[in-house]
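Asker: My file is model-v4.cif. It has mmCIF, C-alpha atoms:
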data_upload
loop_
_atom_site.label_atom_id
_atom_site.label_comp_id
_atom_site.auth_asym_id
_atom_site.auth_seq_id
_atom_site.Cartn_x
_atom_site.Cartn_y
_atom_site.Cartn_z
CA MET A 382 -1.02 8.37 -18.99
CA ILE A 383 -2.87 11.20 -17.29
CA ARG A 384 -1.11 14.12 -15.63
CA ILE A 385 -2.57 14.85 -12.22
CA ALA A 386 -1.82 18.05 -10.34
CA LEU A 387 -1.66 17.08 -6.68
CA PHE A 388 -2.53 19.58 -3.99
CA THR A 389 0.32 20.77 -1.85
CA VAL A 390 0.37 19.43 1.66
CA ALA A 391 -0.77 22.78 3.02
CA ALA A 392 -3.68 23.00 0.63
CA ALA A 393 -4.76 19.40 0.96
CA PHE A 394 -4.59 19.25 4.72
CA GLY A 395 -5.17 22.85 5.70
CA ALA A 396 -8.60 22.79 4.09
CA ALA A 397 -9.91 20.21 6.53
CA SER A 398 -11.34 22.58 9.12
CA ALA A 399 -13.01 24.71 6.45
CA LEU A 400 -14.63 21.77 4.71
CA ALA A 401 -15.70 19.74 7.73
CA GLN A 402 -19.04 21.48 8.25
CA GLU A 403 -21.32 18.50 8.76
CA SER A 404 -22.19 17.48 12.29
CA CYS A 405 -20.66 14.17 13.27
CA ALA A 406 -21.45 11.95 16.24
CA ASN A 407 -18.26 9.93 15.87
CA ARG A 408 -15.00 10.31 13.93
CA GLY A 409 -12.78 7.87 15.75
CA GLU A 410 -9.28 8.09 14.26
CA LEU A 411 -10.48 9.77 11.06
CA ASP A 412 -9.47 13.27 10.02
CA ALA A 413 -11.93 16.15 10.53
CA LEU A 414 -13.01 15.89 6.88
CA TYR A 415 -14.68 12.54 7.53
CA CYS A 416 -17.27 10.95 9.78
CA ASP A 417 -17.73 7.39 11.06
CA GLU A 418 -21.13 7.26 12.68
CA ASN A 419 -21.60 3.54 11.98
CA ARG A 420 -18.23 2.87 13.66
CA ASP A 421 -16.81 0.62 10.96
CA LEU A 422 -13.53 2.62 11.14
CA VAL A 423 -13.85 4.06 7.61
CA ALA A 424 -15.38 7.29 6.33
CA ASP A 425 -19.15 7.36 5.83
CA PRO A 426 -20.54 8.71 2.54
CA PRO A 427 -21.27 12.46 2.67
CA LYS A 428 -24.65 13.34 4.14
CA ASP A 429 -25.14 16.04 1.53
CA PRO A 430 -25.87 14.41 -1.87
CA ARG A 431 -24.35 17.45 -3.59
CA LYS A 432 -20.93 16.28 -2.38
CA PHE A 433 -21.14 12.97 -4.25
CA LYS A 434 -18.70 12.60 -7.15
CA ASN A 435 -19.57 10.97 -10.46
CA PRO A 436 -16.50 11.64 -12.64
CA SER A 437 -16.50 11.07 -16.39
CA THR A 438 -13.05 9.50 -16.05
CA LEU A 439 -12.16 7.04 -13.29
CA VAL A 440 -8.57 7.31 -12.09
CA PHE A 441 -7.05 4.04 -10.89
CA THR A 442 -3.61 3.29 -9.50
CA TYR A 443 -1.62 0.70 -7.58
CA THR A 444 0.86 1.05 -4.76
CA PRO A 445 4.41 1.85 -5.91
CA VAL A 446 6.10 -1.11 -4.21
CA GLU A 447 7.99 -1.61 -7.47
CA ASP A 448 8.34 0.32 -10.74
CA PRO A 449 4.84 1.80 -11.39
CA ALA A 450 5.12 0.97 -15.10
CA VAL A 451 5.18 -2.72 -14.19
CA TYR A 452 1.74 -2.42 -12.65
CA GLU A 453 0.25 -0.25 -15.35
CA ASN A 454 0.97 -3.08 -17.78
CA ALA A 455 -0.11 -5.80 -15.34
CA PHE A 456 -3.49 -4.17 -14.69
CA LYS A 457 -4.25 -3.20 -18.29
CA PRO A 458 -6.62 -6.16 -18.90
CA PHE A 459 -8.56 -5.10 -15.82
CA THR A 460 -8.63 -1.37 -16.51
CA ASP A 461 -9.87 -2.08 -20.04
CA TYR A 462 -12.61 -4.27 -18.54
CA LEU A 463 -13.48 -1.70 -15.86
CA SER A 464 -13.97 0.94 -18.53
CA LYS A 465 -16.48 -1.23 -20.38
CA CYS A 466 -18.17 -2.38 -17.18
CA THR A 467 -18.72 1.13 -15.81
CA ALA A 468 -19.16 2.82 -19.22
CA LYS A 469 -16.50 5.33 -18.19
CA ARG A 470 -13.00 6.12 -19.33
CA VAL A 471 -10.46 4.58 -16.94
CA VAL A 472 -6.87 5.77 -16.69
CA PHE A 473 -3.95 4.37 -14.70
CA TYR A 474 -2.03 7.00 -12.76
CA GLN A 475 1.59 6.09 -11.99
CA VAL A 476 2.32 7.23 -8.43
CA GLN A 477 5.91 7.43 -7.27
CA SER A 478 5.36 7.28 -3.51
CA ASN A 479 2.82 6.27 -0.89
CA ALA A 480 2.39 9.91 0.09
CA ALA A 481 1.56 10.91 -3.48
CA GLU A 482 -1.09 8.21 -3.69
CA ILE A 483 -2.67 9.25 -0.39
CA GLU A 484 -2.70 12.92 -1.36
CA ALA A 485 -4.24 12.09 -4.73
CA MET A 486 -7.25 10.43 -3.10
CA ARG A 487 -7.60 13.06 -0.41
CA SER A 488 -7.60 15.83 -3.00
CA GLY A 489 -10.29 14.07 -5.04
CA ARG A 490 -8.01 13.25 -7.99
CA LEU A 491 -7.88 9.48 -7.35
CA HIS A 492 -11.09 7.44 -7.27
CA VAL A 493 -9.98 3.86 -6.69
CA GLY A 494 -6.69 2.09 -6.24
CA GLY A 495 -4.52 -0.42 -4.47
CA PHE A 496 -2.79 0.85 -1.33
CA SER A 497 0.13 -1.01 0.22
CA THR A 498 -0.65 -2.76 3.50
CA GLY A 499 0.83 -0.20 5.89
CA PRO A 500 -0.17 2.99 4.02
CA THR A 501 -3.77 1.71 3.87
CA ASN A 502 -4.11 3.01 7.43
CA TYR A 503 -3.10 6.53 6.37
CA ALA A 504 -5.36 6.34 3.32
CA VAL A 505 -8.35 5.42 5.51
CA ASN A 506 -7.76 8.05 8.19
CA LEU A 507 -6.52 10.95 6.07
CA ALA A 508 -7.90 10.39 2.56
CA GLY A 509 -11.34 8.87 3.10
CA ALA A 510 -10.33 5.60 1.46
CA VAL A 511 -12.69 2.65 1.94
CA PRO A 512 -10.92 -0.72 1.54
CA PHE A 513 -13.15 -3.35 -0.08
CA ALA A 514 -10.94 -6.08 -1.55
CA VAL A 515 -7.55 -7.75 -1.74
CA LYS A 516 -6.31 -10.13 -4.40
CA GLY A 517 -7.27 -13.74 -3.75
CA ASN A 518 -9.01 -16.85 -5.02
CA ALA A 519 -12.33 -18.59 -4.44
CA LYS A 520 -11.32 -19.77 -0.98
CA GLU A 521 -9.22 -17.06 0.61
CA TRP A 522 -7.54 -13.69 0.38
CA GLN A 523 -3.94 -13.43 -0.63
CA GLY A 524 -1.34 -12.67 2.00
CA TYR A 525 2.39 -12.23 2.32
CA GLN A 526 5.12 -12.49 4.92
CA LEU A 527 7.82 -10.12 5.99
CA ILE A 528 11.06 -11.83 4.95
CA PHE A 529 14.58 -10.70 5.75
CA LEU A 530 16.99 -11.15 2.86
CA VAL A 531 20.76 -11.42 2.89
CA LYS A 532 23.11 -12.55 0.13
CA LYS A 533 23.57 -16.30 0.04
CA ASP A 534 27.34 -16.05 0.48
CA SER A 535 27.08 -13.65 3.43
CA PRO A 536 28.02 -14.78 6.96
CA TYR A 537 24.65 -13.73 8.45
CA GLN A 538 22.51 -16.61 9.72
CA LYS A 539 20.11 -14.87 12.11
CA LEU A 540 18.79 -11.36 12.65
CA ALA A 541 21.06 -10.67 15.62
CA ASP A 542 24.04 -11.06 13.27
CA LEU A 543 23.07 -7.77 11.59
CA LYS A 544 24.00 -5.57 14.55
CA GLY A 545 26.06 -2.66 13.33
CA LYS A 546 25.49 -3.57 9.68
CA LYS A 547 23.86 -1.72 6.78
CA VAL A 548 20.16 -2.66 6.92
CA ALA A 549 17.62 -1.21 4.48
CA HIS A 550 14.00 -0.56 5.41
CA VAL A 551 11.60 0.34 2.60
CA GLN A 552 9.56 3.42 3.57
CA PRO A 553 8.39 4.72 6.95
CA SER A 554 4.76 3.73 6.26
CA SER A 555 5.55 0.24 4.92
CA ASN A 556 4.17 -2.59 7.03
CA SER A 557 6.63 -5.34 6.09
CA GLY A 558 9.39 -2.89 5.18
CA ASN A 559 9.40 -0.83 8.39
CA LEU A 560 6.55 -1.02 10.91
CA ALA A 561 6.48 -4.78 11.47
CA PRO A 562 10.29 -5.05 11.74
CA ARG A 563 10.26 -2.47 14.52
CA VAL A 564 7.82 -4.65 16.48
CA LEU A 565 9.06 -8.12 15.56
CA PHE A 566 12.85 -7.80 15.28
CA PRO A 567 13.58 -6.89 18.93
CA LYS A 568 12.19 -10.30 19.93
CA GLU A 569 14.88 -11.80 17.68
CA GLY A 570 17.71 -9.80 19.23
CA LEU A 571 17.85 -6.94 16.72
CA VAL A 572 16.49 -3.47 17.55
CA PRO A 573 16.09 -1.00 14.64
CA ASP A 574 17.65 2.44 15.24
CA LYS A 575 19.59 0.98 18.17
CA ASP A 576 21.47 -2.02 16.83
CA TYR A 577 21.68 -0.51 13.35
CA LYS A 578 20.90 2.78 11.62
CA VAL A 579 17.78 2.44 9.50
CA LEU A 580 18.46 3.25 5.84
CA TYR A 581 15.37 3.78 3.67
CA SER A 582 15.60 2.34 0.15
CA GLY A 583 12.29 3.78 -1.08
CA LYS A 584 10.77 0.59 -2.53
CA HIS A 585 10.82 -3.15 -1.89
CA ASP A 586 12.55 -3.94 -5.17
CA GLN A 587 15.23 -1.36 -4.40
CA THR A 588 15.97 -3.10 -1.11
CA VAL A 589 16.28 -6.43 -2.94
CA MET A 590 18.60 -4.98 -5.57
CA GLY A 591 20.59 -3.14 -2.91
CA VAL A 592 21.20 -6.37 -1.00
CA LEU A 593 22.26 -8.09 -4.21
CA SER A 594 24.70 -5.32 -5.13
CA GLY A 595 26.16 -5.09 -1.64
CA ASP A 596 24.84 -1.62 -0.90
CA PHE A 597 22.99 -3.18 2.03
CA ASP A 598 23.92 -6.19 4.16
CA GLY A 599 20.27 -7.17 4.42
CA GLY A 600 16.75 -5.90 4.61
CA PRO A 601 13.09 -6.75 5.26
CA VAL A 602 10.78 -6.93 2.24
CA ALA A 603 7.38 -8.34 1.32
CA SER A 604 7.61 -11.98 0.24
CA ASP A 605 5.22 -11.51 -2.67
CA VAL A 606 7.31 -8.70 -4.18
CA PHE A 607 10.45 -10.84 -3.97
CA LYS A 608 8.65 -13.78 -5.54
CA ARG A 609 7.45 -11.66 -8.46
CA MET A 610 10.96 -10.33 -9.04
CA VAL A 611 12.28 -13.89 -9.20
CA GLU A 612 9.53 -14.99 -11.57
CA ARG A 613 10.21 -12.03 -13.87
CA GLY A 614 13.89 -12.91 -13.95
CA GLN A 615 15.03 -9.69 -12.27
CA VAL A 616 16.92 -11.67 -9.63
CA LYS A 617 17.72 -15.31 -8.88
CA ALA A 618 16.35 -16.78 -5.66
CA GLU A 619 19.54 -18.80 -5.19
CA ASP A 620 21.54 -15.57 -4.83
CA PHE A 621 19.74 -14.83 -1.54
CA ARG A 622 19.05 -16.44 1.80
CA VAL A 623 15.93 -15.79 3.88
CA ILE A 624 16.91 -15.67 7.55
CA TYR A 625 13.55 -14.58 8.96
CA ARG A 626 9.91 -15.02 7.99
CA SER A 627 6.92 -13.49 9.81
CA GLN A 628 3.26 -14.33 10.19
CA THR A 629 0.96 -13.70 7.20
CA PHE A 630 -0.39 -10.19 6.56
CA PRO A 631 -3.08 -9.17 4.05
CA THR A 632 -1.65 -7.88 0.80
CA SER A 633 -2.45 -4.47 -0.70
CA SER A 634 -6.00 -3.21 -0.23
CA PHE A 635 -8.17 -1.99 -3.08
CA SER A 636 -10.02 1.06 -1.84
CA TYR A 637 -12.48 3.57 -3.26
CA ALA A 638 -13.01 7.22 -2.37
CA HIS A 639 -15.76 7.56 0.23
CA ASP A 640 -17.58 10.27 -1.71
CA LEU A 641 -18.23 8.39 -4.95
CA GLU A 642 -21.86 8.60 -6.03
CA PRO A 643 -23.56 5.49 -4.54
CA LYS A 644 -24.87 4.09 -7.82
CA LEU A 645 -21.44 4.46 -9.45
CA ARG A 646 -19.77 2.99 -6.35
CA ASP A 647 -22.05 -0.06 -6.33
CA THR A 648 -21.64 -0.61 -10.07
CA MET A 649 -17.87 -0.37 -9.73
CA LEU A 650 -17.78 -2.79 -6.79
CA LYS A 651 -19.79 -5.35 -8.75
CA CYS A 652 -17.34 -4.94 -11.63
CA PHE A 653 -14.43 -5.68 -9.29
CA TYR A 654 -16.04 -8.66 -7.61
CA ASP A 655 -17.28 -10.22 -10.87
CA TYR A 656 -13.94 -9.93 -12.64
CA ARG A 657 -11.72 -13.00 -13.05
CA PHE A 658 -8.05 -12.45 -13.78
CA PRO A 659 -6.83 -13.67 -17.17
CA PRO A 660 -3.76 -15.96 -17.20
CA GLU A 661 -1.29 -13.08 -17.55
CA MET A 662 -2.66 -11.36 -14.44
CA GLN A 663 -2.71 -14.61 -12.48
CA LYS A 664 0.95 -15.07 -13.34
CA ALA A 665 1.77 -11.50 -12.35
CA PHE A 666 -0.06 -11.78 -9.01
CA ASP A 667 1.06 -15.12 -7.58
CA GLY A 668 -1.92 -17.11 -8.82
CA ALA A 669 -4.65 -14.79 -7.55
CA ASP A 670 -7.66 -14.87 -9.86
CA ARG A 671 -10.07 -12.34 -8.37
CA PHE A 672 -10.70 -9.44 -6.00
CA PHE A 673 -11.61 -11.01 -2.66
CA PRO A 674 -14.07 -9.02 -0.48
CA ILE A 675 -12.68 -7.69 2.82
CA THR A 676 -13.40 -5.01 5.41
CA TYR A 677 -10.87 -2.70 6.98
CA LYS A 678 -12.22 -3.24 10.49
CA GLU A 679 -11.76 -7.02 10.38
CA HIS A 680 -8.97 -7.80 7.96
CA TRP A 681 -6.63 -4.91 8.87
CA ALA A 682 -6.84 -5.51 12.63
CA VAL A 683 -3.48 -7.32 12.71
CA VAL A 684 -1.85 -4.52 10.71
CA ARG A 685 -3.18 -1.88 13.09
CA GLN A 686 -1.94 -3.92 16.06
CA VAL A 687 1.56 -4.08 14.59
CA ALA A 688 1.52 -0.36 13.88
CA GLU A 689 0.39 0.44 17.41
CA GLY A 690 3.13 -1.81 18.75
CA SER A 691 5.69 0.21 16.82
CA GLY A 692 4.28 3.45 18.22
CA GLU A 693 2.95 4.53 14.83
CA LYS A 694 0.00 6.92 14.66
CA PHE A 695 -1.96 7.48 11.47
CA ASN A 696 -2.74 11.16 11.88
CA LYS A 697 -1.71 14.37 10.12
CA ALA A 698 1.38 14.92 12.28
CA ALA A 699 2.63 11.40 11.56
CA TYR A 700 1.84 11.87 7.89
CA GLU A 701 3.90 15.06 7.69
CA ASN A 702 6.79 13.13 9.21
CA LEU A 703 6.23 10.33 6.70
CA LYS A 704 6.38 12.78 3.79
CA GLN A 705 9.60 14.30 5.09
CA LYS A 706 11.27 10.90 5.46
CA GLU A 707 10.13 9.77 2.02
CA ALA A 708 11.47 13.00 0.51
CA GLU A 709 14.81 12.57 2.28
CA ALA A 710 15.08 8.97 1.07
CA ALA A 711 14.29 10.04 -2.50
CA ALA A 712 16.90 12.83 -2.32
CA LYS A 713 19.59 10.42 -1.13
CA LYS A 714 18.75 8.01 -3.93
CA ALA A 715 18.98 10.82 -6.48
CA GLN A 716 22.41 11.84 -5.16
CA LYS A 717 23.74 8.32 -5.77
CA LYS A 718 22.78 8.43 -9.45
#
Mind converting the file's structure to structure tokens?
Answerer:
Amino acid sequence: MIRIALFTVAAAFGAASALAQESCANRGELDALYCDENRDLVADPPKDPRKFKNPSTLVFTYTPVEDPAVYENAFKPFTDYLSKCTAKRVVFYQVQSNAAEIEAMRSGRLHVGGFSTGPTNYAVNLAGAVPFAVKGNAKEWQGYQLIFLVKKDSPYQKLADLKGKKVAHVQPSSNSGNLAPRVLFPKEGLVPDKDYKVLYSGKHDQTVMGVLSGDFDGGPVASDVFKRMVERGQVKAEDFRVIYRSQTFPTSSFSYAHDLEPKLRDTMLKCFYDYRFPPEMQKAFDGADRFFPITYKEHWAVVRQVAEGSGEKFNKAAYENLKQKEAEAAAKKAQKK
């Protein structure tokens, strides 16, 4: 495992004005470091070829929706393949939070990785991430639903029954674990931060385990994470009851850094698209067998709409607030140990 020294927030974000020297006809929602002159909502490649990056080692990671070690093992067949396909060393970097993953790409230390559905928006706007794929099969991309879990023997039958109870959200930037509930739950008679105090668990699997142990009365999580936990034997599906299920959202995006050298970028993309998951990866990822091509502008439209409905903004101020909330949640978890 590689050790990566992340920039501090001040260094990573304070450098924006100094580095953003190129003229830009349109930035849209992107940070000052980036430009979007073709208006596809993601950062354009640098105009100055000297700013292209062609690292000797490609750093890859995956969103920390569960224990990062689980995914390092799950992706090992692919990272071994990617190394041979690109003729470069490939290392898996275990990130512990969405903020750490976003900062790693913004600082130039992360070259490609899977970002959770909600944090993808921050990665695009603040880190120059360019989403290009989600897991899927020959016909379609893989999605998931927001599900609300309670213990099977609990008295709760509908969301409105959770008023005044202990409800866990995942992280502030999580789509299914926070943003979507804030938009969708009020229609079901349950208003976060009004009908109950939002408690952040930190990760989807921690919400599931917290519901099982009784630390929480219920909580929203991503259906695919829950399914994987059941299949791995971490929990039993019959110990829970799903009392709410949302529409389908795209699962985690695979995104590359906007400033990768074009030839390397194109080679890497072909490696991703040509790869077919071996049986162990198909089992780990709900039957997906490939990286399905997507674009942020089209496939993340529903996610952006949900975020806007919750009042979320994907700018530096919102990101600073996200980091603070994630740090507070991590501190509370540490105090319980």
Asker: For stretch 588-658 of chain A against stretch 683-693 of chain A, with a cut-off of 10 Å and counting all atoms listed in the file, what is the closest atom pair and its distance in Å to one decimal for every residue that makes the cut, ordered by chain and number, as CSV?
Answerer:
residue,atom,partner,partner_atom,distance
A:Thr629,CA,A:Val683,CA,9.5
A:Phe630,CA,A:Val684,CA,7.2
A:Pro631,CA,A:Val684,CA,8.2
Asker: Near A:Asp417, within 9 Å and counting all atoms listed in the file, which residues show up once chain neighbours fewer than 3 positions away are dropped, as a list in words?
Answerer: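 So, after excluding close chain neighbours, the residues are Cys405, Ala406, Asn407, Arg408, Gly409, Leu411, Arg420, Asp421, Leu422, Val423, Ala424 and Asp425 of chain A.
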Asker: Considering only C-alpha atoms, state which residue in the set A:Ser535, A:Glu619, A:Gly668, A:Asn502 is at the smallest distance from A:Asn696.
Answerer: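 With only C-alpha atoms as the atom set, the closest residue is A:Asn502.
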Asker: Counting all atoms listed in the file, select every polymer residue within 10 Å of (-9.3, 2.3, -10.3) as defined in the file's coordinates, and provide the selection as an NGL selection string.
Answerer: :A and (438-443 or 456 or 459-460 or 463-464 or 471-474 or 491-495 or 635-637 or 649 or 653)
Asker: Can you pull out every residue within 12 Å of A:Thr498, counting all atoms listed in the file, but drop anything in the same chain fewer than 6 positions away, and send it as number ranges by chain?
Answerer: A: 443-446, 479, 504-505, 512, 514-515, 523-527, 552, 554-561, 603, 629-636, 677, 680-685, 687-688
Asker: Selection from above, C-alpha atoms, as a compact mmCIF listing (two decimals), in the coordinates of the input, can you write it?
Answerer:
# COMPACT_ATOMS: atom_id res chain seq x y z
CA TYR A 443 -1.62 0.70 -7.58
CA THR A 444 0.86 1.05 -4.76
CA PRO A 445 4.41 1.85 -5.91
CA VAL A 446 6.10 -1.11 -4.21
CA ASN A 479 2.82 6.27 -0.89
CA ALA A 504 -5.36 6.34 3.32
CA VAL A 505 -8.35 5.42 5.51
CA PRO A 512 -10.92 -0.72 1.54
CA ALA A 514 -10.94 -6.08 -1.55
CA VAL A 515 -7.55 -7.75 -1.74
CA GLN A 523 -3.94 -13.43 -0.63
CA GLY A 524 -1.34 -12.67 2.00
CA TYR A 525 2.39 -12.23 2.32
CA GLN A 526 5.12 -12.49 4.92
CA LEU A 527 7.82 -10.12 5.99
CA GLN A 552 9.56 3.42 3.57
CA SER A 554 4.76 3.73 6.26
CA SER A 555 5.55 0.24 4.92
CA ASN A 556 4.17 -2.59 7.03
CA SER A 557 6.63 -5.34 6.09
CA GLY A 558 9.39 -2.89 5.18
CA ASN A 559 9.40 -0.83 8.39
CA LEU A 560 6.55 -1.02 10.91
CA ALA A 561 6.48 -4.78 11.47
CA ALA A 603 7.38 -8.34 1.32
CA THR A 629 0.96 -13.70 7.20
CA PHE A 630 -0.39 -10.19 6.56
CA PRO A 631 -3.08 -9.17 4.05
CA THR A 632 -1.65 -7.88 0.80
CA SER A 633 -2.45 -4.47 -0.70
CA SER A 634 -6.00 -3.21 -0.23
CA PHE A 635 -8.17 -1.99 -3.08
CA SER A 636 -10.02 1.06 -1.84
CA TYR A 677 -10.87 -2.70 6.98
CA HIS A 680 -8.97 -7.80 7.96
CA TRP A 681 -6.63 -4.91 8.87
CA ALA A 682 -6.84 -5.51 12.63
CA VAL A 683 -3.48 -7.32 12.71
CA VAL A 684 -1.85 -4.52 10.71
CA ARG A 685 -3.18 -1.88 13.09
CA VAL A 687 1.56 -4.08 14.59
CA ALA A 688 1.52 -0.36 13.88
Asker: What does the structure give for the distance between atom CA of A:Ser404 and atom CA of A:Lys428, in Å to one decimal?
Answerer: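 Computing it gives 9.5 Å between the two atoms.
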Asker: Which residue is closest to A:Lys533? Choose from A:Phe621, A:Phe673, A:Tyr654, A:Tyr415 and count only C-alpha atoms.
Answerer: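 With only C-alpha atoms as the atom set, the closest residue is A:Phe621.
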Asker: Leaving out A:Lys697 and any residue of its chain fewer than 6 positions from it, which residues lie within 9 Å of it when counting all atoms listed in the file, given as a compact mmCIF listing (two decimals) with C-alpha atoms, in the coordinates of the input?
Answerer:
# COMPACT_ATOMS: atom_id res chain seq x y z
CA PHE A 394 -4.59 19.25 4.72
CA ASP A 412 -9.47 13.27 10.02
CA TYR A 503 -3.10 6.53 6.37
CA ASN A 506 -7.76 8.05 8.19
CA LEU A 507 -6.52 10.95 6.07
Asker: Please provide as a PyMOL selection string all residues within 9 Å of A:Leu571, with the sequence filter that same-chain residues fewer than 4 positions apart are discarded (counting all atoms listed in the file).
Answerer: chain A and resi 540-544+565-567+575-577
Asker: Any idea what the distance is between atom CA of A:Lys469 and atom CA of A:Pro436?
Answerer: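 According to the coordinates, atom CA of A:Lys469 and atom CA of A:Pro436 are separated by 8.4 Å.
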Asker: Could you pull the residues within 7 Å of stretch 480-482 of chain A, counting only C-alpha atoms, minus those fewer than 4 positions along the same chain, as a PDB file with C-alpha atoms, in the coordinates of the input?
Answerer:
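Written output follows (selection.pdb):
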ATOM      1  CA  VAL A 476       2.320   7.230  -8.430  1.00  0.00           C
ATOM      2  CA  MET A 486      -7.250  10.430  -3.100  1.00  0.00           C
ATOM      3  CA  LYS A 704       6.380  12.780   3.790  1.00  0.00           C
TER       4      LYS A 704
END
Asker: Figure out the distance between atom CA of A:Thr501 and atom CA of A:Asp574, please, to one decimal in Å.
Answerer: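 So the answer is 24.3 Å.
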Asker: In terms of the shortest atom-to-atom distance over all atoms listed in the file, which of A:Thr676, A:Ala665, A:Pro500, A:Tyr625 is closest to A:Glu453?
Answerer: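 Among the listed residues, A:Ala665 lies closest to A:Glu453.
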Asker: What residues come out when you apply the PyMOL selection byres ((chain A and resi 671) around 7) to this file, written as number ranges by chain?
Answerer: A: 516-518, 656-658, 669-670, 672-673
Asker: Pick out the closest residue to A:Lys608 from this set: A:Trp522, A:Phe496, A:Phe666, A:Tyr581. Count all atoms listed in the file.
Answerer: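 For A:Lys608, the nearest of the candidates is A:Phe666.
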Asker: For a quick check of understanding, using only C-alpha atoms, which of A:Ala712, A:Pro674, A:Cys652, A:Val531 has the smallest distance to A:Asp596?
Answerer: A:Val531
